[in-house]
>>> print(open('start05.txt').read())   # compact mmCIF, C-alpha atoms
# COMPACT_ATOMS: atom_id res chain seq x y z
CA MET M 769 -95.90 -82.97 -140.28
CA LEU M 770 -99.16 -84.50 -139.08
CA SER M 771 -97.37 -86.48 -136.37
CA ALA M 772 -95.67 -83.31 -135.06
CA VAL M 773 -98.99 -81.44 -135.05
CA TRP M 774 -100.63 -84.37 -133.23
CA LEU M 775 -97.84 -84.39 -130.63
CA PHE M 776 -98.27 -80.65 -130.11
CA TYR M 777 -102.08 -80.90 -129.99
CA ARG M 778 -101.85 -83.53 -127.20
CA ASN M 779 -100.60 -80.77 -124.85
CA PHE M 780 -104.03 -79.13 -124.68
CA ARG M 781 -106.57 -81.45 -126.32
CA VAL M 782 -108.28 -82.19 -122.98
CA PHE M 783 -108.80 -78.47 -122.29
CA THR M 784 -110.09 -77.59 -125.75
CA HIS M 785 -112.45 -80.59 -125.85
CA ALA M 786 -113.71 -79.90 -122.31
CA VAL M 787 -114.58 -76.31 -123.30
CA ALA M 788 -116.34 -77.32 -126.52
CA TRP M 789 -118.26 -80.33 -125.17
CA GLY M 790 -119.14 -78.35 -122.02
CA ALA M 791 -120.59 -75.53 -124.15
CA TRP M 792 -122.50 -78.04 -126.25
CA LEU M 793 -124.01 -79.62 -123.13
CA ILE M 794 -124.87 -76.23 -121.60
CA ALA M 795 -126.65 -75.34 -124.86
CA GLY M 796 -128.88 -78.41 -124.33
CA ALA M 797 -126.88 -80.92 -126.41
CA PRO M 798 -128.37 -79.86 -129.77
CA LEU M 799 -128.29 -82.45 -132.57
CA GLY M 800 -129.57 -82.69 -136.16
CA GLU M 801 -131.08 -79.45 -137.46
CA GLU M 802 -130.61 -77.71 -134.10
CA LEU M 803 -126.88 -78.45 -134.18
CA TRP M 804 -126.34 -76.53 -137.44
CA SER M 805 -127.60 -73.30 -135.91
CA PHE M 806 -125.09 -73.81 -133.11
CA VAL M 807 -122.08 -74.68 -135.26
CA VAL M 808 -120.97 -71.07 -135.89
CA LEU M 809 -121.06 -70.30 -132.17
CA LEU M 810 -119.02 -73.44 -131.41
CA PHE M 811 -116.47 -72.45 -134.06
CA TRP M 812 -115.96 -69.01 -132.48
CA LEU M 813 -115.75 -70.58 -129.04
CA LYS M 814 -113.03 -72.92 -130.28
CA LEU M 815 -111.16 -70.01 -131.85
CA PHE M 816 -111.40 -68.10 -128.57
CA SER M 817 -110.15 -71.10 -126.56
CA TYR M 818 -107.16 -71.34 -128.92
CA GLY M 819 -106.43 -67.66 -128.32
CA VAL M 820 -106.36 -68.40 -124.56
CA ILE M 821 -104.08 -71.43 -125.08
CA TRP M 822 -101.75 -69.38 -127.31
CA VAL M 823 -101.43 -66.60 -124.70
CA LEU M 824 -100.96 -69.03 -121.78
CA MET M 825 -98.35 -71.13 -123.59
CA TYR M 826 -96.50 -68.06 -124.88
CA THR M 827 -96.43 -66.59 -121.36
CA PHE M 828 -95.63 -69.66 -119.25
CA LEU M 829 -94.46 -72.50 -121.49
CA ARG M 830 -92.65 -70.81 -124.36
CA GLN M 831 -89.79 -73.34 -124.24
CA ILE M 832 -92.21 -76.08 -125.38
CA TYR M 833 -92.08 -74.65 -128.90
CA LEU M 834 -88.36 -75.22 -129.34
CA PHE M 835 -88.74 -78.98 -129.65
CA TYR M 836 -90.89 -78.41 -132.74
CA GLN M 837 -88.94 -75.41 -134.06
CA ASN M 838 -85.85 -77.63 -134.14
CA LEU M 839 -87.86 -79.88 -136.46
CA GLY M 840 -88.54 -76.88 -138.73
CA TYR M 841 -92.10 -76.02 -137.65
CA SER M 842 -93.14 -72.48 -136.75
CA ILE M 843 -95.55 -71.68 -133.91
CA THR M 844 -98.15 -70.52 -136.45
CA THR M 845 -97.89 -73.80 -138.38
CA LEU M 846 -98.37 -75.79 -135.17
CA PHE M 847 -101.41 -73.81 -134.03
CA VAL M 848 -103.09 -73.73 -137.44
CA GLY M 849 -102.50 -77.48 -137.80
CA ALA M 850 -103.75 -78.23 -134.28
CA PHE M 851 -106.82 -76.03 -134.79
CA GLY M 852 -107.71 -77.82 -138.03
CA LEU M 853 -107.21 -81.21 -136.41
CA ASP M 854 -109.28 -80.17 -133.41
CA LEU M 855 -112.17 -78.95 -135.59
CA LEU M 856 -112.06 -82.16 -137.58
CA LEU M 857 -112.17 -84.31 -134.45
CA PHE M 858 -114.81 -82.32 -132.62
CA PHE M 859 -117.25 -81.81 -135.48
CA GLY M 860 -116.52 -85.31 -136.78
CA LEU M 861 -117.47 -86.81 -133.42
CA LEU M 862 -120.55 -84.57 -133.22
CA THR M 863 -121.66 -85.66 -136.69
CA ILE M 864 -121.12 -89.36 -135.88
CA PHE M 865 -123.01 -88.89 -132.61
CA SER M 866 -125.83 -87.11 -134.42
CA TRP M 867 -126.11 -89.89 -137.05
CA SER M 868 -126.05 -92.60 -134.38
CA ILE M 869 -128.91 -90.94 -132.48
CA SER M 870 -131.01 -90.56 -135.66
CA LEU M 871 -130.46 -94.23 -136.55
CA PHE M 872 -131.66 -95.60 -133.24
CA MET I 803 -73.86 -82.98 -146.32
CA GLU I 804 -72.04 -79.67 -146.98
CA HIS I 805 -68.98 -79.66 -144.72
CA LEU I 806 -67.52 -76.33 -145.72
CA ALA I 807 -70.67 -74.29 -145.24
CA VAL I 808 -70.33 -70.96 -143.45
CA LEU I 809 -72.95 -69.26 -141.33
CA GLU I 810 -72.51 -65.54 -140.79
CA ALA I 811 -74.45 -63.10 -138.65
CA ASP I 812 -74.07 -59.34 -138.68
CA SER I 813 -75.92 -56.00 -138.76
CA ILE I 814 -77.86 -57.22 -135.74
CA GLU I 815 -79.56 -54.63 -133.61
CA LEU I 816 -81.70 -55.67 -130.66
CA THR I 817 -83.35 -53.19 -128.32
CA PHE I 818 -85.49 -53.77 -125.24
CA GLY I 819 -87.20 -50.47 -124.38
CA ASN I 820 -84.47 -47.83 -124.41
CA GLN I 821 -81.71 -50.37 -123.80
CA LYS I 822 -79.64 -51.55 -126.73
CA ILE I 823 -78.71 -55.19 -126.10
CA LEU I 824 -76.96 -55.97 -129.38
CA GLN I 825 -75.69 -53.39 -131.82
CA ASN I 826 -72.37 -54.24 -133.44
CA ILE I 827 -72.26 -57.95 -134.14
CA TYR I 828 -70.21 -59.96 -136.55
CA LEU I 829 -69.96 -63.74 -136.19
CA LYS I 830 -68.58 -66.19 -138.71
CA ILE I 831 -69.29 -69.84 -137.95
CA PRO I 832 -67.35 -72.16 -140.24
CA GLY I 833 -68.94 -75.52 -140.92
CA ASN I 834 -66.14 -77.59 -139.43
CA GLN I 835 -65.13 -75.60 -136.37
CA VAL I 836 -66.19 -74.91 -132.81
CA THR I 837 -66.96 -71.23 -132.38
CA ALA I 838 -67.30 -69.91 -128.85
CA VAL I 839 -69.11 -66.80 -127.69
CA LEU I 840 -68.26 -65.70 -124.16
CA GLY I 841 -69.77 -62.82 -122.28
CA ARG I 842 -71.23 -61.72 -118.98
CA ASN I 843 -74.71 -62.60 -117.71
CA GLY I 844 -77.36 -60.46 -119.39
CA GLY I 845 -74.97 -59.56 -122.19
CA GLY I 846 -77.29 -60.90 -124.91
CA LYS I 847 -75.67 -64.26 -125.73
CA SER I 848 -78.92 -66.23 -125.60
CA CYS I 849 -80.70 -63.51 -127.60
CA LEU I 850 -77.96 -63.66 -130.21
CA LEU I 851 -78.36 -67.43 -130.56
CA GLN I 852 -82.14 -67.09 -130.88
CA ILE I 853 -81.71 -64.41 -133.55
CA ILE I 854 -79.35 -66.64 -135.53
CA PHE I 855 -81.77 -69.56 -135.12
CA GLY I 856 -84.60 -67.32 -136.31
CA THR I 857 -87.03 -67.40 -133.37
CA LEU I 858 -86.26 -63.91 -132.02
CA THR I 859 -86.86 -60.95 -134.31
CA PRO I 860 -84.55 -57.99 -133.74
CA THR I 861 -84.79 -54.50 -135.24
CA HIS I 862 -82.20 -55.41 -137.85
CA LYS I 863 -80.35 -58.58 -138.75
CA SER I 864 -78.48 -60.33 -141.49
CA VAL I 865 -77.96 -64.07 -141.18
CA ARG I 866 -76.32 -65.63 -144.20
CA TRP I 867 -75.53 -69.18 -145.24
CA ASN I 868 -72.67 -69.32 -147.76
CA GLY I 869 -73.34 -65.65 -148.48
CA GLN I 870 -77.08 -66.10 -149.04
CA TYR I 871 -79.52 -64.31 -146.73
CA VAL I 872 -81.69 -66.69 -144.68
CA GLU I 873 -84.84 -65.19 -143.14
CA SER I 874 -85.74 -68.03 -140.75
CA PRO I 875 -82.86 -70.51 -140.50
CA TYR I 876 -84.82 -72.94 -138.31
CA ARG I 877 -87.46 -73.35 -141.06
CA LYS I 878 -84.79 -74.62 -143.45
CA ARG I 879 -84.72 -78.42 -143.15
CA VAL I 880 -81.56 -80.18 -141.90
CA PHE I 881 -79.88 -76.80 -141.45
CA VAL I 882 -79.65 -75.72 -137.81
CA ARG I 883 -80.71 -76.90 -134.36
CA TYR I 884 -80.59 -75.05 -131.08
CA LEU I 885 -80.18 -76.15 -127.46
CA LEU I 886 -81.64 -73.62 -125.09
CA GLN I 887 -81.13 -73.41 -121.33
CA HIS I 888 -84.48 -75.05 -120.48
CA PRO I 889 -85.68 -78.64 -120.94
CA LEU I 890 -86.20 -79.31 -124.63
CA THR I 891 -88.29 -82.46 -124.87
CA PRO I 892 -91.83 -83.20 -123.68
CA ALA I 893 -91.59 -84.82 -120.22
CA SER I 894 -93.86 -87.70 -121.25
CA MET I 895 -91.72 -88.65 -124.26
CA ARG I 896 -89.46 -91.71 -124.01
CA VAL I 897 -85.74 -91.18 -124.52
CA GLY I 898 -85.49 -93.46 -127.58
CA GLU I 899 -88.55 -91.80 -129.12
CA ALA I 900 -87.05 -88.32 -128.60
CA PHE I 901 -83.86 -89.33 -130.42
CA GLU I 902 -85.95 -90.84 -133.21
CA TRP I 903 -87.88 -87.56 -133.66
CA TYR I 904 -84.55 -85.82 -134.19
CA GLY I 905 -83.40 -88.38 -136.75
CA ILE I 906 -80.92 -90.19 -134.49
CA ASP I 907 -80.75 -93.93 -133.90
CA SER I 908 -80.48 -94.16 -130.10
CA ASP I 909 -78.77 -97.57 -130.38
CA ALA I 910 -75.96 -95.99 -132.38
CA VAL I 911 -75.32 -93.08 -130.00
CA GLY I 912 -72.53 -94.89 -128.19
CA TYR I 913 -73.61 -93.83 -124.70
CA GLU I 914 -73.18 -96.79 -122.35
CA LYS I 915 -76.35 -96.07 -120.33
CA MET I 916 -78.58 -95.75 -123.40
CA PRO I 917 -79.94 -99.34 -123.34
CA LEU I 918 -81.18 -98.70 -119.79
CA LEU I 919 -82.50 -95.21 -120.45
CA LYS I 920 -84.12 -95.44 -123.88
CA ASP I 921 -87.46 -96.70 -122.57
CA GLN I 922 -87.63 -94.20 -119.73
CA ARG I 923 -89.61 -90.99 -120.00
CA MET I 924 -87.66 -87.73 -120.17
CA GLY I 925 -89.51 -86.42 -117.12
CA GLN I 926 -88.30 -89.40 -115.02
CA LEU I 927 -84.61 -88.61 -115.53
CA SER I 928 -82.50 -86.50 -113.22
CA GLY I 929 -82.00 -82.90 -114.37
CA GLY I 930 -78.36 -83.53 -115.30
CA GLU I 931 -79.03 -86.74 -117.16
CA ARG I 932 -81.88 -85.17 -119.12
CA ARG I 933 -79.70 -82.17 -119.96
CA PHE I 934 -76.90 -84.45 -121.15
CA LEU I 935 -79.22 -86.51 -123.36
CA GLU I 936 -80.90 -83.42 -124.83
CA THR I 937 -77.49 -81.95 -125.61
CA LEU I 938 -76.60 -85.24 -127.35
CA MET I 939 -79.84 -85.03 -129.34
CA ILE I 940 -78.84 -81.62 -130.68
CA LEU I 941 -75.16 -82.41 -131.16
CA LEU I 942 -75.76 -85.65 -133.07
CA SER I 943 -78.55 -84.21 -135.22
CA PRO I 944 -78.07 -84.60 -138.96
CA VAL I 945 -77.85 -80.83 -139.57
CA GLN I 946 -75.18 -78.40 -140.77
CA PHE I 947 -74.99 -76.20 -137.68
CA VAL I 948 -75.84 -76.51 -133.99
CA LEU I 949 -76.17 -73.70 -131.48
CA LEU I 950 -75.49 -74.72 -127.89
CA ASP I 951 -76.60 -72.36 -125.13
CA GLU I 952 -74.84 -73.34 -121.90
CA PRO I 953 -74.60 -77.09 -122.63
CA PHE I 954 -72.35 -77.68 -119.59
CA SER I 955 -74.74 -76.14 -117.04
CA HIS I 956 -75.95 -78.51 -114.32
CA LEU I 957 -73.70 -81.31 -115.58
CA SER I 958 -71.24 -83.32 -113.51
CA PRO I 959 -67.58 -83.11 -114.62
CA ILE I 960 -67.68 -86.58 -116.18
CA TYR I 961 -70.58 -85.54 -118.44
CA VAL I 962 -68.79 -82.29 -119.33
CA GLU I 963 -65.71 -84.24 -120.43
CA GLN I 964 -67.85 -86.66 -122.46
CA LEU I 965 -69.60 -83.76 -124.19
CA LYS I 966 -66.30 -82.08 -124.98
CA THR I 967 -65.11 -85.27 -126.68
CA ILE I 968 -68.34 -85.58 -128.68
CA ILE I 969 -68.19 -81.91 -129.69
CA GLN I 970 -64.65 -82.44 -130.98
CA GLU I 971 -65.83 -85.50 -132.95
CA GLN I 972 -68.89 -83.76 -134.36
CA LYS I 973 -67.11 -80.66 -135.60
CA SER I 974 -65.90 -82.57 -138.65
CA LYS I 975 -69.56 -82.95 -139.61
CA LYS I 976 -71.07 -79.59 -138.63
CA GLY I 977 -70.40 -76.08 -137.42
CA ILE I 978 -70.85 -75.70 -133.67
CA LEU I 979 -71.56 -72.44 -131.87
CA ILE I 980 -71.23 -72.70 -128.11
CA THR I 981 -71.73 -70.30 -125.24
CA ASP I 982 -71.17 -71.19 -121.60
CA HIS I 983 -69.77 -69.66 -118.41
CA LEU I 984 -67.45 -72.63 -117.85
CA TYR I 985 -64.88 -70.76 -119.91
CA ARG I 986 -62.00 -73.20 -119.32
CA ASP I 987 -64.00 -76.05 -120.84
CA VAL I 988 -65.16 -73.82 -123.68
CA LEU I 989 -61.64 -72.59 -124.45
CA ASP I 990 -60.36 -76.18 -124.42
CA ILE I 991 -62.51 -77.06 -127.42
CA ALA I 992 -62.98 -73.75 -129.25
CA ASP I 993 -61.25 -73.15 -132.55
CA GLN I 994 -62.18 -69.48 -132.40
CA THR I 995 -63.54 -67.35 -129.59
CA TYR I 996 -65.61 -64.19 -129.66
CA LEU I 997 -66.21 -61.96 -126.67
CA LEU I 998 -69.62 -60.33 -126.49
CA GLN I 999 -69.28 -57.10 -124.55
CA ASN I 1000 -71.40 -53.93 -124.57
CA GLY I 1001 -73.55 -55.39 -127.32
CA ALA I 1002 -70.62 -55.97 -129.69
CA THR I 1003 -68.59 -59.02 -130.64
CA ASP I 1004 -64.80 -59.16 -130.93
CA LEU I 1005 -62.86 -62.09 -132.32
CA LEU I 1006 -60.04 -62.80 -129.88
CA SER I 1007 -56.60 -63.68 -131.18
CA ASN I 1008 -55.24 -64.67 -127.76
CA PRO I 1009 -58.42 -65.63 -125.87
CA ARG I 1010 -57.05 -66.40 -122.39
CA GLN I 1011 -55.03 -63.18 -122.12
CA GLU I 1012 -57.62 -60.96 -123.78
CA LEU I 1013 -60.40 -62.30 -121.54
CA ILE I 1014 -58.30 -61.22 -118.52
CA ASP I 1015 -57.44 -57.86 -120.07
CA ARG I 1016 -61.12 -57.17 -120.76
CA GLY I 1017 -62.23 -58.14 -117.28
CA TYR I 1018 -64.27 -61.23 -118.20
CA ILE I 1019 -62.12 -63.61 -116.14
CA PRO I 1020 -59.91 -62.93 -113.11
CA GLU I 1021 -56.12 -62.84 -113.39
>>> encode(input="start05.txt", output="structure tokens")
Amino acid sequence: MLSAVWLFYRNFRVFTHAVAWGAWLIAGAPLGEELWSFVVLLFWLKLFSYGVIWVLMYTFLRQIYLFYQNLGYSITTLFVGAFGLDLLLFFGLLTIFSWSISLF
Amino acid sequence: MEHLAVLEADSIELTFGNQKILQNIYLKIPGNQVTAVLGRNGGGKSCLLQIIFGTLTPTHKSVRWNGQYVESPYRKRVFVRYLLQHPLTPASMRVGEAFEWYGIDSDAVGYEKMPLLKDQRMGQLSGGERRFLETLMILLSPVQFVLLDEPFSHLSPIYVEQLKTIIQEQKSKKGILITDHLYRDVLDIADQTYLLQNGATDLLSNPRQELIDRGYIPE
């Protein structure tokens, strides 16, 4: 299942990362303690960007889903999986970045 | 694999606004036959296939496998696959990889051009070639039923003939539901034919004559 979710996520990973990293930079690239106060806002921003992706794909690229539905995956499963993966990657990278900065 | 499985669809009612698209449907798709559904453009054939597959929710429906109700057939593993009228695979995916995703060994497909095509990306192929390969992906899938929505569209006659042969071979392994406007090709391979007209299906006992009588094909 993870490989199917990853394949699906690749369709919009650039967009979702651009939005999140852009927002983080606009907020002054907070790290450490400052980052934690910003995490909730970033989460809601990510959720919002997924809402936009869902609407755009449903409107213009609905046929994309059929490749995955033929494999037994529903649209909800794909989006929930991709959202979880995206959060893991984004906040994982932020945490690693934050640790690296504090070390040096 | 269960060869004698039966997929049935009935009590389907689909409405768009005030317009009833489907209202009196009964389809029985035996697991080792080719079942054809013919009907005019806009008659609801594609909607019917999507309802059976489970990705379109109508007002009412009953889709049953061996008499058991199935809410979302596509969620049931190795059960049903569906070819729609649009490209199926991601354009960036290589041909061999796409077959692999669907559980098919591309080297064992038996298509003479496969060794040349398997490393190409789907988006690099011509429309007809891509359509042919995607139809093969669905047809050769290790599932009990396949639903083919206009598989012959945009294909050259040689591809159509090849597909007809493969459909005839595959029907011993799975139930095949096909809809297409190339009615001669469909009738050549169909074991049973339904006409979808005014939102209702009728099983035809003498398809060629009844299709003329009902105004679907010219005399």
>>> closest_atom_pairs(input="start05.txt", of="chain I", to="chain M", cutoff="9 Å", atoms="all atoms listed in the file", output="JSON lines")
{"residue": "I:Thr857", "atom": "CA", "partner": "M:Gln837", "partner_atom": "CA", "distance": 8.3}
{"residue": "I:Pro875", "atom": "CA", "partner": "M:Gly840", "partner_atom": "CA", "distance": 8.7}
{"residue": "I:Tyr876", "atom": "CA", "partner": "M:Gly840", "partner_atom": "CA", "distance": 5.4}
{"residue": "I:Arg877", "atom": "CA", "partner": "M:Gly840", "partner_atom": "CA", "distance": 4.4}
{"residue": "I:Lys878", "atom": "CA", "partner": "M:Gly840", "partner_atom": "CA", "distance": 6.4}
{"residue": "I:Arg879", "atom": "CA", "partner": "M:Gly840", "partner_atom": "CA", "distance": 6.0}
{"residue": "I:Val880", "atom": "CA", "partner": "M:Leu839", "partner_atom": "CA", "distance": 8.3}
{"residue": "I:Val882", "atom": "CA", "partner": "M:Asn838", "partner_atom": "CA", "distance": 7.5}
{"residue": "I:Arg883", "atom": "CA", "partner": "M:Asn838", "partner_atom": "CA", "distance": 5.2}
{"residue": "I:Tyr884", "atom": "CA", "partner": "M:Asn838", "partner_atom": "CA", "distance": 6.6}
{"residue": "I:Leu885", "atom": "CA", "partner": "M:Leu834", "partner_atom": "CA", "distance": 8.4}
{"residue": "I:Leu886", "atom": "CA", "partner": "M:Leu834", "partner_atom": "CA", "distance": 8.1}
{"residue": "I:His888", "atom": "CA", "partner": "M:Gln831", "partner_atom": "CA", "distance": 6.7}
{"residue": "I:Pro889", "atom": "CA", "partner": "M:Gln831", "partner_atom": "CA", "distance": 7.5}
{"residue": "I:Leu890", "atom": "CA", "partner": "M:Phe835", "partner_atom": "CA", "distance": 5.6}
{"residue": "I:Thr891", "atom": "CA", "partner": "M:Phe835", "partner_atom": "CA", "distance": 5.9}
{"residue": "I:Pro892", "atom": "CA", "partner": "M:Ile832", "partner_atom": "CA", "distance": 7.3}
{"residue": "I:Trp903", "atom": "CA", "partner": "M:Leu839", "partner_atom": "CA", "distance": 8.2}
{"residue": "I:Tyr904", "atom": "CA", "partner": "M:Leu839", "partner_atom": "CA", "distance": 7.2}
{"residue": "I:Ile940", "atom": "CA", "partner": "M:Asn838", "partner_atom": "CA", "distance": 8.8}
>>> axis_aligned_box(input="start05.txt", around="range 856-859 of chain M", padding_each_side="6 Å", output="JSON")
{"center_x": -114.7, "center_y": -83.1, "center_z": -135.1, "size_x": 17.2, "size_y": 14.5, "size_z": 17.0}
>>> atom_distance(input="start05.txt", atom1="CA of Leu850 in chain I", atom2="CA of Gln994 in chain I")
17.0 Å
>>> residues_around(input="start05.txt", residues="Trp804 in chain M", least_positions_apart="4", cutoff="12 Å", atoms="all atoms listed in the file", output="NGL selection string")
:M and (792 or 797-800 or 808-811 or 859 or 862-863 or 866)
>>> atom_distance(input="start05.txt", atom1="CA of Gly819 in chain M", atom2="CA of Phe865 in chain M")
27.3 Å
>>> atom_distance(input="start05.txt", atom1="CA of Asp982 in chain I", atom2="CA of Leu829 in chain I")
16.4 Å
